[in-house]
Amino acid sequence: MIKFSNDFVWGTATSSYQIEGAHNIDGKGPSIWDAFCTIPNRIKNGDNANEAIDHYHNYKEDVALLKSQGFTAYRFSISWSRIMPEGKGKINEEGIQFYNNLIDELLANDITPWVTLYHWDLPLALQMENDGWLNPDIACYFEAYAKVCFKHFGDRVKNWITLNEPWVVSILGYGQGVFAPGRVSNSEPYLVGHHLLLAHAHAVNLYKTEFAHQNGIIGITNNCDWREPLTDKPEDIEAAQRALLFFIGWFADPIYLGDYPKVMKDRLGDRLPKFTVDEKKLIKNSSDFFGLNHYTTMYAAQDDNKGVKSSVYGNGGISEDQDVLLTQDESWPLTEFNWAVVPWGCYKLLDWISKRYNNPDIYITENGFACDDKLENGKVNDTDRLDYYRQYLEACHKAIENGIKLKGYFAWSLFDNFEWASGYSIRFGINYIDYKTMERIPKASANWFKEAIKNKGW
Ligand code: PNW
């Protein structure tokens, strides 16, 4: 029997650009994702999220669905350019109104909002006029935006996430160029990552000083796969460790240990910016909890083909900086995204985080399964996804039993939605979206969650 404690947080997650739609109405300004989607060949099938699943107009129905499925927490993000169309300066009252309505609706239904300030949809003006995350000034712009959010929503929102997955912003946005703003470089990601950390720390500092009376918690969400050594040779064990440090250590070490991992400093030299003494102080301990998005696992081995791009998957980062070869086991089931289903990797990662960072409170803020769901007789029988959730939650349960302070779990995602460069071709939701009618149709996994949440286990 699997039983979770009464105070375990059961939630599900979304992000603004992926679901809201209403991309150019009621005063919203464009974001880098609005612009990126207009460039040919960047998004599968030329999709965009102009309408997405029109959550902007359907939020009441969506909250009712959340409620009916038993969730007591909901993680969503605020679209910066909906409330500040130019990224700075003028505030768009209609945007504020939308999030006020959403938050009030959630609270009226006893659902706790977990709000991400930045889930990748940077106001386009900040990109074009200020070079986006390449500009150190971005920390001030982000802090000013965060202030608007704390001021308008902080009386009711008590759980904040500053940034979603700085690794993805840096590597996929500025290294591989597959996500907005589409830049390709082997040095910009490290500069962008540096500015992301500083922006996060400034926003947290503001919250902990000017908004301390709001009595909420604030943290950052990082993504990480597990890296399992391919063999028990010392060089492979070291390669796996190095891969983890380049992945999550990059963003978590400065927050928990006060600086970047030594292996990154050694290997990157001048490409890795340095924190001043004051910046280190600002960043250290700037997260009340460890937000983790976790999906998959890969083997890691020492790779001696210096300079050769060895990783075929996006999740390798800049592989030539690491000399790590990533592979998958043939026996591992794959999702539609080619992410392998390896529940024990989730356990091992939780254990690694807990040990390295002195047993922090951890929230899994995303975990989920992509597949090419089909509607049959009005139903989606997504048994593979259901198995995935069951097995990953079992791994979570084992972690808790072993003293790891995992406090909550958010399924990605409440709905099928715009899956970035993959457009609508990939479905991650526990609720199916009929893109013609915009009808929301619960999948088998949503029904399973309802029971699991009600019984606090299964
Ligand atoms: C996350 N990788 O993205 C995001 O937070 C979600 O918006 C997204 O829909 C979800 O996971 C599924 O993709 C990621 O290459 C994108 O390692 C890429 C990677 C990880 C997470």
# chains A, B, ... in the order shown; residues from 1 in each chain; ligands from 1
call {"tool": "closest_atom_pairs", "arguments": {"of": "stretch 359-412 of chain A", "to": "stretch 67-85 of chain A", "cutoff": "10 Å", "atoms": "only C-alpha atoms", "output": "JSON lines"}}
result
{"residue": "A:Thr365", "atom": "CA", "partner": "A:Arg75", "partner_atom": "CA", "distance": 7.8}
{"residue": "A:Glu366", "atom": "CA", "partner": "A:Arg75", "partner_atom": "CA", "distance": 9.3}
{"residue": "A:Gly408", "atom": "CA", "partner": "A:Ala73", "partner_atom": "CA", "distance": 9.4}
{"residue": "A:Tyr409", "atom": "CA", "partner": "A:Ala73", "partner_atom": "CA", "distance": 9.4}
{"residue": "A:Phe410", "atom": "CA", "partner": "A:Arg75", "partner_atom": "CA", "distance": 7.5}
{"residue": "A:Ala411", "atom": "CA", "partner": "A:Arg75", "partner_atom": "CA", "distance": 9.5}
{"residue": "A:Trp412", "atom": "CA", "partner": "A:Arg75", "partner_atom": "CA", "distance": 9.6}
call {"tool": "residues_around", "arguments": {"residues": "stretch 175-183 of chain A", "least_positions_apart": "4", "cutoff": "7 Å", "atoms": "only C-alpha atoms", "output": "count of residues only"}}
result
8
call {"tool": "residues_around", "arguments": {"residues": "A:Asn293", "least_positions_apart": "2", "cutoff": "7 Å", "atoms": "only C-alpha atoms", "output": "PDB file with N, CA and C atoms, in the first residue's frame"}}
result
ATOM      1  N   THR A 221      12.476  26.881  -9.684  1.00  0.00           N
ATOM      2  CA  THR A 221      12.302  25.520 -10.202  1.00  0.00           C
ATOM      3  C   THR A 221      13.369  25.220 -11.244  1.00  0.00           C
ATOM      4  N   ASN A 222      14.147  24.166 -10.982  1.00  0.00           N
ATOM      5  CA  ASN A 222      15.143  23.694 -11.938  1.00  0.00           C
ATOM      6  C   ASN A 222      14.724  22.352 -12.518  1.00  0.00           C
ATOM      7  N   ASN A 223      15.181  22.095 -13.722  1.00  0.00           N
ATOM      8  CA  ASN A 223      14.900  20.788 -14.309  1.00  0.00           C
ATOM      9  C   ASN A 223      16.167  19.954 -14.313  1.00  0.00           C
ATOM     10  N   CYS A 224      15.999  18.664 -14.114  1.00  0.00           N
ATOM     11  CA  CYS A 224      17.148  17.769 -14.217  1.00  0.00           C
ATOM     12  C   CYS A 224      16.702  16.342 -14.493  1.00  0.00           C
ATOM     13  N   GLY A 291      12.547  23.404  -6.051  1.00  0.00           N
ATOM     14  CA  GLY A 291      11.559  23.075  -7.082  1.00  0.00           C
ATOM     15  C   GLY A 291      12.237  22.235  -8.153  1.00  0.00           C
ATOM     16  N   TYR A 295      11.798  14.412 -15.634  1.00  0.00           N
ATOM     17  CA  TYR A 295      11.089  13.578 -16.604  1.00  0.00           C
ATOM     18  C   TYR A 295      11.760  12.250 -16.908  1.00  0.00           C
ATOM     19  N   ILE A 364       8.277  18.444  -6.395  1.00  0.00           N
ATOM     20  CA  ILE A 364       8.343  18.135  -7.820  1.00  0.00           C
ATOM     21  C   ILE A 364       7.290  19.012  -8.477  1.00  0.00           C
ATOM     22  N   THR A 365       7.752  19.981  -9.235  1.00  0.00           N
ATOM     23  CA  THR A 365       6.817  20.959  -9.815  1.00  0.00           C
ATOM     24  C   THR A 365       6.403  20.565 -11.239  1.00  0.00           C
ATOM     25  N   GLU A 366       7.041  19.511 -11.776  1.00  0.00           N
ATOM     26  CA  GLU A 366       6.604  18.927 -13.053  1.00  0.00           C
ATOM     27  C   GLU A 366       7.106  17.493 -13.130  1.00  0.00           C
ATOM     28  N   ASN A 367       6.238  16.629 -13.666  1.00  0.00           N
ATOM     29  CA  ASN A 367       6.611  15.258 -13.998  1.00  0.00           C
ATOM     30  C   ASN A 367       5.468  14.755 -14.877  1.00  0.00           C
TER      31      ASN A 367
END
call {"tool": "closest_residue", "arguments": {"among": "A:Leu197, A:Ile430, A:Ala370, A:Leu257", "to": "ligand 1", "atoms": "only C-alpha atoms and all ligand atoms"}}
result
A:Ala370
call {"tool": "select_by_dssp", "arguments": {"residues": "stretch 182-373 of chain A", "states": "alpha helix (DSSP H)", "output": "VMD selection string"}}
result
chain A and resid 188 to 209 234 to 244 250 to 256 262 to 268 277 to 283 343 to 356
call {"tool": "residues_near_ligand", "arguments": {"ligand": "ligand 1", "cutoff": "9 Å", "atoms": "only C-alpha atoms and all ligand atoms", "output": "PyMOL selection string"}}
result
chain A and resi 13-15+17-18+119-120+164-165+167-168+171-172+221-225+293-296+313-317+337+365-370+412-413+417-420+422+428
call {"tool": "residues_around", "arguments": {"residues": "A:Asp303", "least_positions_apart": "5", "cutoff": "12 Å", "atoms": "only C-alpha atoms", "output": "count of residues only"}}
result
21
call {"tool": "closest_residue", "arguments": {"among": "A:Pro123, A:Gly21, A:Gly423, A:Pro360", "to": "A:Asp54", "atoms": "only C-alpha atoms"}}
result
A:Gly21
call {"tool": "residues_around", "arguments": {"residues": "A:Lys379", "least_positions_apart": "4", "cutoff": "10 Å", "atoms": "only C-alpha atoms", "output": "list in words"}}
result
Asp373, Lys374, Leu375, Tyr432, Ile441, Pro442, Lys443 and Ala444 of chain A
call {"tool": "residues_around", "arguments": {"residues": "A:Tyr99", "least_positions_apart": "2", "cutoff": "10 Å", "atoms": "only C-alpha atoms", "output": "PyMOL selection string"}}
result
chain A and resi 56+59+77-79+82-83+94-97+101-105+149+152-153
